[in-house]
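What follows is the content of my_file-v3.cif (mmCIF, C-alpha atoms).
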```
data_target
loop_
_atom_site.label_atom_id
_atom_site.label_comp_id
_atom_site.auth_asym_id
_atom_site.auth_seq_id
_atom_site.Cartn_x
_atom_site.Cartn_y
_atom_site.Cartn_z
CA MET A 1 -103.69 5.54 -36.52
CA HIS A 2 -101.10 8.22 -37.32
CA ASN A 3 -101.28 9.52 -33.81
CA TYR A 4 -100.68 6.04 -32.44
CA ARG A 5 -97.54 5.51 -34.52
CA TYR A 6 -96.10 8.86 -33.52
CA THR A 7 -96.81 8.19 -29.90
CA SER A 8 -95.21 4.73 -30.05
CA ASN A 9 -92.03 5.98 -31.81
CA ASN A 10 -91.71 8.83 -29.42
CA LYS A 11 -91.97 6.40 -26.56
CA TRP A 12 -88.76 4.46 -27.64
CA ARG A 13 -86.84 7.29 -29.27
CA LYS A 14 -85.35 8.77 -26.09
CA PRO A 15 -84.04 5.46 -24.70
CA LEU A 16 -82.53 4.62 -28.09
CA GLN A 17 -80.90 8.05 -28.26
CA MET A 18 -79.47 7.62 -24.78
CA LEU A 19 -78.19 4.13 -25.64
CA CYS A 20 -76.52 5.36 -28.84
CA LEU A 21 -74.97 8.28 -26.99
CA LEU A 22 -73.62 5.98 -24.28
CA LEU A 23 -72.22 3.55 -26.86
CA GLY A 24 -70.54 6.44 -28.67
CA VAL A 25 -68.90 7.65 -25.49
CA VAL A 26 -67.60 4.14 -24.73
CA LEU A 27 -66.16 3.78 -28.23
CA LEU A 28 -64.56 7.21 -28.02
CA LEU A 29 -62.95 6.48 -24.67
CA SER A 30 -61.72 3.14 -25.95
CA ALA A 31 -60.13 4.79 -28.97
CA CYS A 32 -58.45 7.44 -26.78
CA GLY A 33 -57.08 4.75 -24.48
CA GLN A 34 -55.60 2.90 -27.42
CA ALA A 35 -54.00 6.09 -28.73
CA GLN A 36 -52.18 6.70 -25.45
CA LYS A 37 -50.50 3.29 -25.44
CA PRO A 38 -47.08 3.32 -27.17
CA SER A 39 -47.11 0.90 -30.04
CA SER A 40 -43.37 0.24 -29.73
CA ALA A 41 -40.19 1.22 -27.91
CA THR A 42 -39.46 3.60 -30.76
CA ASP A 43 -42.76 5.43 -30.26
CA SER A 44 -42.00 5.69 -26.56
CA ASN A 45 -38.59 7.20 -27.24
CA THR A 46 -39.87 9.75 -29.77
CA GLY A 47 -42.98 10.73 -27.82
CA SER A 48 -45.18 9.83 -30.86
CA ASN A 49 -48.88 9.00 -30.40
CA ALA A 50 -48.95 6.89 -33.53
CA GLY A 51 -49.90 3.96 -31.32
CA SER A 52 -53.60 4.77 -31.95
CA ASN A 53 -53.27 1.97 -34.49
CA SER A 54 -54.27 -0.77 -32.08
CA GLY A 55 -52.92 -3.47 -34.33
CA GLN A 56 -49.37 -2.19 -33.67
CA SER A 57 -49.61 -1.96 -29.89
CA SER A 58 -47.56 -4.22 -27.61
CA SER A 59 -49.23 -7.22 -26.04
CA SER A 60 -47.70 -6.08 -22.69
CA PRO A 61 -48.49 -2.37 -22.36
CA GLU A 62 -46.31 -2.12 -19.20
CA GLN A 63 -43.11 -2.94 -21.15
CA ASN A 64 -40.83 -0.20 -22.54
CA THR A 65 -42.81 2.63 -21.02
CA ALA A 66 -39.56 4.36 -19.87
CA PRO A 67 -36.46 5.21 -21.93
CA PRO A 68 -33.68 2.60 -21.53
CA GLN A 69 -30.96 3.72 -19.08
CA GLU A 70 -27.42 4.06 -20.41
CA GLU A 71 -25.02 1.65 -18.68
CA VAL A 72 -22.42 3.55 -16.67
CA PRO A 73 -19.09 1.67 -16.89
CA GLU A 74 -17.59 0.79 -13.51
CA GLU A 75 -14.49 2.77 -12.63
CA VAL A 76 -11.42 0.64 -13.31
CA ASP A 77 -9.12 0.04 -10.33
CA PRO A 78 -5.65 -0.23 -11.90
CA VAL A 79 -4.22 -1.90 -8.79
CA GLN A 80 -6.95 -4.54 -8.69
CA GLU A 81 -6.54 -5.04 -12.43
CA GLN A 82 -2.81 -5.69 -12.00
CA LEU A 83 -3.40 -7.91 -8.97
CA SER A 84 -5.92 -10.03 -10.88
CA SER A 85 -3.38 -10.66 -13.63
CA LEU A 86 -0.79 -12.18 -11.27
CA THR A 87 -0.30 -15.87 -10.53
CA LEU A 88 -0.08 -17.10 -6.95
CA GLU A 89 3.70 -17.47 -7.36
CA GLU A 90 4.03 -13.90 -8.62
CA LYS A 91 1.97 -12.60 -5.70
CA ILE A 92 4.00 -14.50 -3.10
CA GLY A 93 7.20 -13.19 -4.70
CA GLN A 94 6.02 -9.62 -4.19
CA MET A 95 5.98 -10.26 -0.43
CA ILE A 96 9.70 -11.10 -0.27
CA LEU A 97 12.49 -8.53 -0.03
CA ALA A 98 15.81 -10.36 -0.25
CA GLY A 99 19.50 -9.72 0.05
CA VAL A 100 22.14 -10.46 -2.59
CA GLN A 101 25.77 -11.51 -2.44
CA GLY A 102 28.83 -9.62 -3.70
CA THR A 103 28.99 -6.53 -5.88
CA THR A 104 27.78 -7.99 -9.19
CA LEU A 105 24.75 -10.02 -10.22
CA ASP A 106 25.55 -13.71 -9.79
CA ASP A 107 23.67 -16.73 -11.15
CA GLN A 108 21.96 -17.46 -7.84
CA ALA A 109 20.55 -13.94 -7.67
CA LYS A 110 19.31 -14.28 -11.25
CA GLN A 111 17.63 -17.58 -10.36
CA MET A 112 16.03 -16.03 -7.27
CA ILE A 113 14.59 -13.19 -9.33
CA THR A 114 13.37 -15.59 -12.03
CA ASN A 115 12.12 -18.45 -9.85
CA GLN A 116 11.02 -16.78 -6.61
CA LYS A 117 10.04 -13.56 -8.43
CA VAL A 118 11.07 -11.49 -5.39
CA GLY A 119 9.43 -8.09 -5.14
CA GLY A 120 12.44 -6.31 -3.69
CA ILE A 121 16.20 -6.38 -3.08
CA ILE A 122 18.16 -4.80 -0.22
CA PHE A 123 21.80 -3.72 -0.45
CA TYR A 124 24.18 -3.76 2.50
CA ALA A 125 27.67 -2.31 2.79
CA ASN A 126 29.24 -5.41 1.23
CA ASN A 127 27.15 -4.91 -1.93
CA VAL A 128 28.49 -1.41 -2.53
CA SER A 129 31.66 -0.74 -4.52
CA THR A 130 32.29 2.45 -6.47
CA LEU A 131 29.47 4.75 -7.45
CA GLU A 132 29.63 3.53 -11.05
CA GLY A 133 29.96 -0.13 -10.03
CA THR A 134 27.04 0.03 -7.61
CA ALA A 135 24.85 1.79 -10.18
CA LYS A 136 25.71 -0.94 -12.70
CA PHE A 137 24.81 -3.66 -10.15
CA VAL A 138 21.44 -2.03 -9.42
CA LYS A 139 20.75 -1.66 -13.13
CA SER A 140 21.54 -5.33 -13.78
CA ILE A 141 18.99 -6.39 -11.12
CA LYS A 142 16.29 -4.20 -12.67
CA GLU A 143 17.08 -5.68 -16.09
CA ALA A 144 16.88 -9.23 -14.72
CA ASN A 145 13.48 -8.39 -13.21
CA GLN A 146 11.99 -7.24 -16.51
CA SER A 147 10.81 -10.80 -17.18
CA ASN A 148 8.52 -10.37 -14.14
CA PRO A 149 5.26 -8.38 -14.39
CA VAL A 150 5.93 -5.95 -11.49
CA PRO A 151 8.86 -3.51 -11.08
CA ILE A 152 11.24 -4.29 -8.23
CA PHE A 153 11.93 -2.38 -5.01
CA MET A 154 15.64 -1.49 -4.80
CA SER A 155 16.23 -0.63 -1.15
CA VAL A 156 19.01 0.39 1.21
CA ASP A 157 19.61 1.57 4.80
CA GLN A 158 20.86 5.09 4.20
CA GLU A 159 20.32 6.96 7.46
CA GLY A 160 23.41 9.14 7.73
CA GLY A 161 25.92 8.87 10.55
CA LYS A 162 27.26 5.36 11.14
CA VAL A 163 24.57 3.72 8.98
CA SER A 164 25.65 4.80 5.52
CA ARG A 165 25.95 2.69 2.38
CA MET A 166 27.29 5.28 -0.02
CA PRO A 167 30.79 5.08 -1.58
CA GLU A 168 33.45 7.43 -0.20
CA THR A 169 33.17 9.75 -3.21
CA VAL A 170 29.79 10.87 -1.86
CA GLU A 171 29.95 13.46 0.94
CA SER A 172 28.73 12.07 4.28
CA ILE A 173 25.60 13.08 6.14
CA PRO A 174 25.88 13.36 9.95
CA SER A 175 23.85 11.31 12.40
CA SER A 176 20.22 11.99 13.22
CA ARG A 177 21.25 12.95 16.77
CA LYS A 178 23.46 15.75 15.46
CA VAL A 179 20.61 17.05 13.30
CA GLY A 180 18.19 16.61 16.20
CA GLU A 181 20.33 18.82 18.42
CA THR A 182 19.51 21.79 16.15
CA LYS A 183 15.77 21.25 16.83
CA ASP A 184 15.22 22.71 13.35
CA SER A 185 12.76 20.66 11.32
CA ALA A 186 13.68 22.54 8.14
CA LEU A 187 17.21 21.14 8.43
CA ALA A 188 15.75 17.66 8.98
CA GLU A 189 13.64 17.99 5.83
CA THR A 190 16.74 18.98 3.87
CA MET A 191 18.45 15.93 5.36
CA GLY A 192 15.71 13.76 3.83
CA GLU A 193 16.11 15.44 0.46
CA LEU A 194 19.89 14.95 0.50
CA LEU A 195 19.58 11.28 1.53
CA ALA A 196 17.14 10.76 -1.34
CA ARG A 197 19.50 12.38 -3.83
CA GLN A 198 22.33 10.17 -2.54
CA VAL A 199 20.46 6.91 -3.12
CA GLN A 200 19.23 8.08 -6.53
CA LEU A 201 22.86 8.32 -7.66
CA VAL A 202 22.91 4.52 -7.94
CA GLY A 203 19.25 3.86 -8.77
CA PHE A 204 17.64 2.93 -5.43
CA ASN A 205 13.95 3.73 -4.95
CA VAL A 206 13.43 2.81 -1.25
CA ASP A 207 15.28 4.09 1.83
CA PHE A 208 14.83 2.47 5.24
CA ALA A 209 14.68 5.82 7.01
CA PRO A 210 13.88 7.82 9.08
CA VAL A 211 14.54 6.19 12.45
CA LEU A 212 11.57 7.05 14.70
CA ASP A 213 12.90 5.34 17.81
CA VAL A 214 13.05 7.54 20.92
CA ASN A 215 16.48 6.98 22.46
CA SER A 216 15.29 6.77 26.04
CA ASN A 217 17.83 4.18 27.23
CA PRO A 218 21.43 5.51 27.29
CA LYS A 219 22.72 1.91 27.38
CA ASN A 220 20.94 1.03 24.12
CA PRO A 221 23.55 -0.81 22.01
CA VAL A 222 21.82 -0.51 18.63
CA ILE A 223 20.03 2.86 18.36
CA GLY A 224 22.03 5.57 20.11
CA ASP A 225 22.78 8.47 17.76
CA ARG A 226 20.63 6.91 15.02
CA SER A 227 17.73 8.55 16.90
CA PHE A 228 16.98 12.26 16.78
CA GLY A 229 16.88 12.33 20.59
CA SER A 230 15.22 11.25 23.82
CA SER A 231 12.06 13.36 23.41
CA ALA A 232 9.06 11.90 21.61
CA GLU A 233 8.02 15.36 20.44
CA LEU A 234 11.45 16.08 18.94
CA VAL A 235 11.72 12.67 17.27
CA SER A 236 8.22 13.09 15.82
CA ARG A 237 8.84 16.57 14.45
CA MET A 238 12.28 15.89 13.00
CA GLY A 239 11.43 12.40 11.77
CA ILE A 240 8.30 13.49 9.92
CA ALA A 241 10.28 16.34 8.32
CA GLU A 242 12.95 13.89 7.12
CA MET A 243 10.24 11.57 5.81
CA LYS A 244 8.72 14.41 3.80
CA GLY A 245 12.14 15.31 2.41
CA LEU A 246 12.70 11.76 1.14
CA ARG A 247 9.21 11.64 -0.31
CA SER A 248 9.59 15.00 -2.08
CA GLU A 249 12.51 13.62 -4.11
CA GLY A 250 10.59 10.51 -5.17
CA ILE A 251 12.20 8.05 -2.75
CA ILE A 252 9.92 5.78 -0.70
CA PRO A 253 10.57 6.28 3.04
CA VAL A 254 10.22 3.41 5.52
CA VAL A 255 9.92 4.47 9.17
CA LYS A 256 11.43 2.16 11.79
CA HIS A 257 11.49 0.30 14.21
CA PHE A 258 7.89 -0.05 15.41
CA PRO A 259 6.82 -0.31 18.24
CA GLY A 260 10.09 1.35 19.33
CA HIS A 261 13.65 0.11 19.72
CA GLY A 262 14.88 2.98 21.88
CA ASP A 263 14.55 1.36 25.30
CA THR A 264 16.31 -1.93 24.61
CA SER A 265 19.53 -3.16 26.17
CA VAL A 266 20.02 -6.04 23.70
CA ASP A 267 20.93 -5.75 20.01
CA SER A 268 18.22 -7.57 18.05
CA HIS A 269 20.81 -8.48 15.39
CA LEU A 270 22.26 -10.81 18.04
CA ASP A 271 19.37 -11.88 20.28
CA LEU A 272 15.78 -11.11 21.22
CA PRO A 273 15.37 -7.91 23.28
CA VAL A 274 12.61 -7.83 25.90
CA VAL A 275 10.84 -4.59 26.86
CA ASN A 276 8.56 -4.87 29.89
CA LYS A 277 6.36 -1.88 29.15
CA THR A 278 2.59 -1.70 29.27
CA GLU A 279 0.44 -0.44 26.43
CA LYS A 280 -0.08 2.80 28.40
CA GLN A 281 3.68 3.34 28.82
CA LEU A 282 4.32 2.73 25.11
CA ALA A 283 1.52 5.11 24.17
CA GLU A 284 3.11 7.84 26.28
CA LEU A 285 6.52 7.64 24.57
CA GLU A 286 7.51 5.08 21.93
CA TRP A 287 4.31 5.12 19.89
CA ILE A 288 4.01 8.90 19.55
CA PRO A 289 6.36 9.30 16.53
CA PHE A 290 4.78 6.32 14.73
CA GLN A 291 1.29 7.65 15.28
CA ALA A 292 2.45 10.96 13.82
CA ALA A 293 3.82 9.11 10.79
CA VAL A 294 0.57 7.20 10.30
CA LYS A 295 -1.31 10.50 10.47
CA GLU A 296 0.96 11.74 7.66
CA GLN A 297 0.09 8.60 5.66
CA VAL A 298 3.56 7.09 5.80
CA GLU A 299 4.19 4.70 2.94
CA ALA A 300 5.74 1.84 4.93
CA VAL A 301 6.51 0.85 8.52
CA MET A 302 9.26 -1.58 9.58
CA VAL A 303 8.43 -3.73 12.60
CA ALA A 304 11.16 -4.72 15.07
CA HIS A 305 12.10 -8.08 16.58
CA ILE A 306 11.38 -7.13 20.20
CA LEU A 307 9.31 -9.05 22.74
CA PHE A 308 6.75 -6.97 24.65
CA PRO A 309 5.47 -9.61 27.12
CA LYS A 310 2.83 -7.34 28.64
CA LEU A 311 1.22 -7.09 25.18
CA ASP A 312 2.10 -10.48 23.71
CA PRO A 313 4.14 -12.93 25.81
CA ASP A 314 4.60 -15.43 22.97
CA HIS A 315 5.63 -13.48 19.87
CA PRO A 316 8.04 -10.61 19.19
CA ALA A 317 6.42 -7.56 17.62
CA SER A 318 7.36 -8.63 14.08
CA LEU A 319 5.35 -11.87 14.46
CA SER A 320 2.60 -10.57 16.72
CA ASP A 321 -1.04 -10.27 15.71
CA VAL A 322 -1.57 -8.23 18.89
CA ILE A 323 1.04 -5.62 17.97
CA ILE A 324 0.64 -5.56 14.17
CA GLY A 325 -3.01 -6.60 13.86
CA GLU A 326 -4.71 -5.13 16.92
CA HIS A 327 -2.54 -2.05 17.43
CA LEU A 328 -0.83 -0.92 14.20
CA ARG A 329 -3.61 -2.03 11.85
CA GLY A 330 -6.49 -1.73 14.33
CA LYS A 331 -6.03 1.10 16.84
CA PHE A 332 -3.65 3.15 14.68
CA LYS A 333 -5.83 2.45 11.60
CA TYR A 334 -2.71 1.96 9.46
CA ASP A 335 -3.38 0.46 6.03
CA GLY A 336 -0.01 1.02 4.39
CA VAL A 337 2.79 -1.47 3.84
CA VAL A 338 4.20 -3.31 6.86
CA ILE A 339 7.72 -4.72 6.51
CA THR A 340 9.49 -6.99 8.96
CA ASP A 341 13.03 -6.32 10.07
CA ASP A 342 15.46 -8.91 8.69
CA LEU A 343 14.12 -12.37 9.57
CA SER A 344 17.64 -13.80 9.53
CA MET A 345 18.65 -11.70 12.55
CA GLY A 346 19.56 -13.46 15.78
CA ALA A 347 16.37 -12.32 17.53
CA ILE A 348 14.37 -14.57 15.20
CA ALA A 349 16.91 -17.19 14.11
CA LYS A 350 17.71 -18.20 17.72
CA ASN A 351 14.07 -18.57 18.71
CA PHE A 352 12.02 -19.58 15.67
CA LYS A 353 12.35 -21.66 12.54
CA LEU A 354 12.20 -19.51 9.42
CA ASP A 355 9.08 -21.20 8.04
CA GLN A 356 7.28 -20.73 11.38
CA ALA A 357 8.28 -17.06 11.49
CA ALA A 358 7.11 -16.52 7.91
CA LEU A 359 3.67 -17.98 8.60
CA ALA A 360 3.29 -16.09 11.89
CA THR A 361 4.18 -12.68 10.49
CA VAL A 362 1.84 -13.00 7.49
CA LYS A 363 -1.00 -14.10 9.78
CA ALA A 364 -0.20 -11.12 12.03
CA GLY A 365 -0.59 -8.66 9.14
CA SER A 366 2.87 -8.11 7.62
CA ASP A 367 3.05 -7.47 3.89
CA ILE A 368 6.76 -7.78 3.10
CA LEU A 369 9.15 -10.27 4.67
CA LEU A 370 12.73 -9.00 4.67
CA VAL A 371 15.33 -11.76 4.58
CA ALA A 372 18.96 -10.98 3.86
CA HIS A 373 22.28 -12.78 3.40
CA SER A 374 20.95 -16.10 2.04
CA TYR A 375 19.33 -17.09 -1.24
CA GLU A 376 18.17 -20.29 0.44
CA SER A 377 16.21 -18.27 3.02
CA ALA A 378 14.27 -16.43 0.31
CA LYS A 379 13.47 -19.79 -1.31
CA THR A 380 12.30 -21.22 2.03
CA ILE A 381 9.91 -18.32 2.61
CA PHE A 382 8.60 -18.55 -0.96
CA GLU A 383 7.92 -22.29 -0.74
CA THR A 384 6.47 -21.99 2.78
CA LEU A 385 3.89 -19.40 1.74
CA ILE A 386 2.98 -21.21 -1.49
CA SER A 387 2.42 -24.42 0.47
CA ALA A 388 0.45 -22.58 3.18
CA VAL A 389 -2.00 -21.18 0.64
CA LYS A 390 -2.42 -24.51 -1.15
CA SER A 391 -3.02 -26.34 2.13
CA GLY A 392 -5.43 -23.70 3.45
CA LYS A 393 -3.26 -22.49 6.35
CA ILE A 394 -3.37 -19.03 4.78
CA THR A 395 -6.11 -17.93 2.39
CA GLU A 396 -5.23 -16.48 -0.99
CA SER A 397 -7.42 -13.50 -0.12
CA ARG A 398 -5.03 -12.77 2.80
CA ILE A 399 -2.13 -12.79 0.31
CA ASP A 400 -4.13 -10.50 -1.98
CA GLU A 401 -4.54 -7.94 0.83
CA SER A 402 -0.77 -7.59 1.17
CA VAL A 403 -0.02 -7.62 -2.54
CA TYR A 404 -2.70 -4.98 -3.14
CA ARG A 405 -0.88 -2.67 -0.70
CA ILE A 406 2.49 -3.40 -2.33
CA LEU A 407 1.20 -2.77 -5.86
CA THR A 408 -0.54 0.41 -4.67
CA LEU A 409 2.77 1.77 -3.39
CA LYS A 410 4.67 0.80 -6.54
CA GLN A 411 2.03 2.43 -8.73
CA GLN A 412 1.88 5.51 -6.49
CA TYR A 413 5.60 6.09 -7.04
CA LYS A 414 5.40 5.07 -10.71
CA LEU A 415 8.20 2.55 -10.25
CA SER A 416 9.74 1.13 -13.41
CA ASP A 417 12.64 -1.19 -14.05
CA ASP A 418 13.65 1.27 -16.78
CA GLN A 419 14.40 3.96 -14.17
CA LYS A 420 18.11 4.76 -14.23
CA ALA A 421 20.53 6.19 -11.71
CA SER A 422 20.30 9.97 -11.70
CA GLY A 423 21.80 13.09 -10.17
CA ASP A 424 24.80 15.36 -10.28
CA LEU A 425 27.45 14.14 -7.81
CA LYS A 426 29.40 17.39 -7.81
CA GLN A 427 26.33 19.51 -7.12
CA LEU A 428 25.03 17.10 -4.49
CA ASN A 429 28.35 17.09 -2.64
CA ALA A 430 28.40 20.90 -2.65
CA ASP A 431 24.85 20.98 -1.25
CA ILE A 432 25.74 18.49 1.50
CA VAL A 433 28.79 20.52 2.54
CA ASP A 434 26.71 23.70 2.65
CA TRP A 435 24.01 21.98 4.72
CA ARG A 436 26.57 20.54 7.14
CA LYS A 437 27.89 24.04 7.77
CA GLN A 438 24.37 25.09 8.79
CA ILE A 439 24.22 22.12 11.21
CA ASP A 440 27.62 22.97 12.71
CA ALA A 441 26.65 26.63 13.14
CA ARG A 442 23.69 25.76 15.40
#
```

Before we go any further, please render this structure as structure tokens.
Amino acid sequence: MHNYRYTSNNKWRKPLQMLCLLLGVVLLLSACGQAQKPSSATDSNTGSNAGSNSGQSSSSPEQNTAPPQEEVPEEVDPVQEQLSSLTLEEKIGQMILAGVQGTTLDDQAKQMITNQKVGGIIFYANNVSTLEGTAKFVKSIKEANQSNPVPIFMSVDQEGGKVSRMPETVESIPSSRKVGETKDSALAETMGELLARQVQLVGFNVDFAPVLDVNSNPKNPVIGDRSFGSSAELVSRMGIAEMKGLRSEGIIPVVKHFPGHGDTSVDSHLDLPVVNKTEKQLAELEWIPFQAAVKEQVEAVMVAHILFPKLDPDHPASLSDVIIGEHLRGKFKYDGVVITDDLSMGAIAKNFKLDQAALATVKAGSDILLVAHSYESAKTIFETLISAVKSGKITESRIDESVYRILTLKQQYKLSDDQKASGDLKQLNADIVDWRKQIDAR
């Protein structure tokens, strides 16, 4: 009997032992698995294994298994930030550079600044009186603009030679041709510095210089000695040096007159010149100085009112998508500010209505529309562009492209309506006289 019981127990003991051992292993593995699961995001962050308490573990073990990533703030674009804060009217205003009347700020000019919110003003000879009077006039415009959110361009054509807007108390600077005859780019750079110091005496911040036209036509009635010479290489070298001189003194240079005004026989102030050159011919002469300027990241380019029928038979350069869009913006890869020559000049006024010209030049890629001598003209352009955006003829995103470039330039030069006229007239005059002696000695 005893032997039977022993034999029977022995028969089942091994299977039971194996079963218990297997069950123990399963329980052990289950407990280990539970311990490896984080019970909370906090456990995950601290690396704790306290999650072996299965009652605390998450119902979704895949969640919170990695530390949360810190959000990296996007880099703020100050230009885009400023652009986004502007109304449509304020943006359109930035695209207008207007003339004023007389030698003091009149009510119409105040209204233009307040209502059309123009982004820039240009002075001509009839706006200049004494040094003190002109500085006071410039200051009054800046003060009137302080109700607007963007500082104003105060611009002038100060080239030297016959195109000079400075009062007689300021020593004169000779023509570009005379400087070009020295073939010395260092003297041209000093020329740019001296021009900049001249315009700073009254508070300007933009100079429509240097002239990059190659004077290839001796009968040209409008360029002549305003050009450094008849060689594209010389004009490029001297013009870029002058541009750098202006820039070094904190004055914004504007190169002109793209695509080249040097081979015209008609003055575009009076009528529309026609230049029958091919793209290849222009690339071999007229375009060389402008391409050099683009390579040097020139701040702004003025486009001329000249018809190039072999490129665009319907529109002068200043209104041409072929010349501004395809060539200057496209092939030259220029993304700076494009400014039209004065839209009230005969070349445009005799052939186009102002509202048509305004629409065409914006569609072509211009950023700033220069219109002088008439407050009514500035108002017409303002209302035309506002209406065009609201009717869908021009998209607001197209306006934004131009205003972004304008604001970029104003921020780059840290423009402020608080900036005052500066400089020492006596020292500047002495420096000009000394520099002229160096020119004459060559």

Specify as JSON, numbers by chain each residue included when the PyMOL selection byres ((chain A and resi 91) around 9) is applied to this file.
-> {"A": [83, 86, 87, 88, 89, 90, 92, 93, 94, 95, 117, 119, 399, 400, 402, 403]}

Selected by the PyMOL selection byres ((chain A and resi 307-313) around 12) in the shown coordinates: which residues, as an MDAnalysis selection string?
-> chainID A and resid 258:261 263:264 266 268 271:282 303:306 314:327 347:348 351 364

I need the chosen residues saved as a CSV table (one decimal), keeping the file's coordinate frame, with C-alpha atoms.
```csv
chain,number,residue,atom,x,y,z
A,258,PHE,CA,7.9,0.0,15.4
A,259,PRO,CA,6.8,-0.3,18.2
A,260,GLY,CA,10.1,1.4,19.3
A,261,HIS,CA,13.6,0.1,19.7
A,263,ASP,CA,14.6,1.4,25.3
A,264,THR,CA,16.3,-1.9,24.6
A,266,VAL,CA,20.0,-6.0,23.7
A,268,SER,CA,18.2,-7.6,18.0
A,271,ASP,CA,19.4,-11.9,20.3
A,272,LEU,CA,15.8,-11.1,21.2
A,273,PRO,CA,15.4,-7.9,23.3
A,274,VAL,CA,12.6,-7.8,25.9
A,275,VAL,CA,10.8,-4.6,26.9
A,276,ASN,CA,8.6,-4.9,29.9
A,277,LYS,CA,6.4,-1.9,29.2
A,278,THR,CA,2.6,-1.7,29.3
A,279,GLU,CA,0.4,-0.4,26.4
A,280,LYS,CA,-0.1,2.8,28.4
A,281,GLN,CA,3.7,3.3,28.8
A,282,LEU,CA,4.3,2.7,25.1
A,303,VAL,CA,8.4,-3.7,12.6
A,304,ALA,CA,11.2,-4.7,15.1
A,305,HIS,CA,12.1,-8.1,16.6
A,306,ILE,CA,11.4,-7.1,20.2
A,314,ASP,CA,4.6,-15.4,23.0
A,315,HIS,CA,5.6,-13.5,19.9
A,316,PRO,CA,8.0,-10.6,19.2
A,317,ALA,CA,6.4,-7.6,17.6
A,318,SER,CA,7.4,-8.6,14.1
A,319,LEU,CA,5.4,-11.9,14.5
A,320,SER,CA,2.6,-10.6,16.7
A,321,ASP,CA,-1.0,-10.3,15.7
A,322,VAL,CA,-1.6,-8.2,18.9
A,323,ILE,CA,1.0,-5.6,18.0
A,324,ILE,CA,0.6,-5.6,14.2
A,325,GLY,CA,-3.0,-6.6,13.9
A,326,GLU,CA,-4.7,-5.1,16.9
A,327,HIS,CA,-2.5,-2.0,17.4
A,347,ALA,CA,16.4,-12.3,17.5
A,348,ILE,CA,14.4,-14.6,15.2
A,351,ASN,CA,14.1,-18.6,18.7
A,364,ALA,CA,-0.2,-11.1,12.0
```

Please identify all polymer residues lying at most 12 Å from the point (8.4, 5.9, -11.4) (file coordinates), using only C-alpha atoms, and present the result as an NGL selection string.
-> :A and (151-153 or 203-206 or 249-252 or 409-420)

Do you know which residues are at most 12 Å from Met302 of chain A counting all atoms listed in the file, after dropping those on the same chain fewer than 3 positions away, and could you put them as a PDB file with C-alpha atoms, keeping the file's coordinate frame?
```pdb
ATOM      1  CA  ASP A 157      19.610   1.570   4.800  1.00  0.00           C
ATOM      2  CA  ASP A 207      15.280   4.090   1.830  1.00  0.00           C
ATOM      3  CA  PHE A 208      14.830   2.470   5.240  1.00  0.00           C
ATOM      4  CA  ALA A 209      14.680   5.820   7.010  1.00  0.00           C
ATOM      5  CA  PRO A 210      13.880   7.820   9.080  1.00  0.00           C
ATOM      6  CA  VAL A 211      14.540   6.190  12.450  1.00  0.00           C
ATOM      7  CA  LEU A 212      11.570   7.050  14.700  1.00  0.00           C
ATOM      8  CA  ASP A 213      12.900   5.340  17.810  1.00  0.00           C
ATOM      9  CA  PRO A 253      10.570   6.280   3.040  1.00  0.00           C
ATOM     10  CA  VAL A 254      10.220   3.410   5.520  1.00  0.00           C
ATOM     11  CA  VAL A 255       9.920   4.470   9.170  1.00  0.00           C
ATOM     12  CA  LYS A 256      11.430   2.160  11.790  1.00  0.00           C
ATOM     13  CA  HIS A 257      11.490   0.300  14.210  1.00  0.00           C
ATOM     14  CA  PHE A 258       7.890  -0.050  15.410  1.00  0.00           C
ATOM     15  CA  PRO A 259       6.820  -0.310  18.240  1.00  0.00           C
ATOM     16  CA  GLY A 260      10.090   1.350  19.330  1.00  0.00           C
ATOM     17  CA  HIS A 261      13.650   0.110  19.720  1.00  0.00           C
ATOM     18  CA  PHE A 290       4.780   6.320  14.730  1.00  0.00           C
ATOM     19  CA  VAL A 298       3.560   7.090   5.800  1.00  0.00           C
ATOM     20  CA  GLU A 299       4.190   4.700   2.940  1.00  0.00           C
ATOM     21  CA  HIS A 305      12.100  -8.080  16.580  1.00  0.00           C
ATOM     22  CA  ALA A 317       6.420  -7.560  17.620  1.00  0.00           C
ATOM     23  CA  SER A 318       7.360  -8.630  14.080  1.00  0.00           C
ATOM     24  CA  ILE A 324       0.640  -5.560  14.170  1.00  0.00           C
ATOM     25  CA  LEU A 328      -0.830  -0.920  14.200  1.00  0.00           C
ATOM     26  CA  GLY A 336      -0.010   1.020   4.390  1.00  0.00           C
ATOM     27  CA  VAL A 337       2.790  -1.470   3.840  1.00  0.00           C
ATOM     28  CA  VAL A 338       4.200  -3.310   6.860  1.00  0.00           C
ATOM     29  CA  ILE A 339       7.720  -4.720   6.510  1.00  0.00           C
ATOM     30  CA  THR A 340       9.490  -6.990   8.960  1.00  0.00           C
ATOM     31  CA  ASP A 341      13.030  -6.320  10.070  1.00  0.00           C
ATOM     32  CA  ASP A 342      15.460  -8.910   8.690  1.00  0.00           C
ATOM     33  CA  LEU A 343      14.120 -12.370   9.570  1.00  0.00           C
ATOM     34  CA  SER A 366       2.870  -8.110   7.620  1.00  0.00           C
ATOM     35  CA  ASP A 367       3.050  -7.470   3.890  1.00  0.00           C
ATOM     36  CA  ILE A 368       6.760  -7.780   3.100  1.00  0.00           C
ATOM     37  CA  LEU A 369       9.150 -10.270   4.670  1.00  0.00           C
ATOM     38  CA  LEU A 370      12.730  -9.000   4.670  1.00  0.00           C
TER      39      LEU A 370
END
```

Is there a way to get, as a PyMOL selection string, all residues within 12 Å of the point (7.6, 17.3, 22.0) in file coordinates, counting all atoms listed in the file?
-> chain A and resi 183+214+228-239+284-285+288-289+292
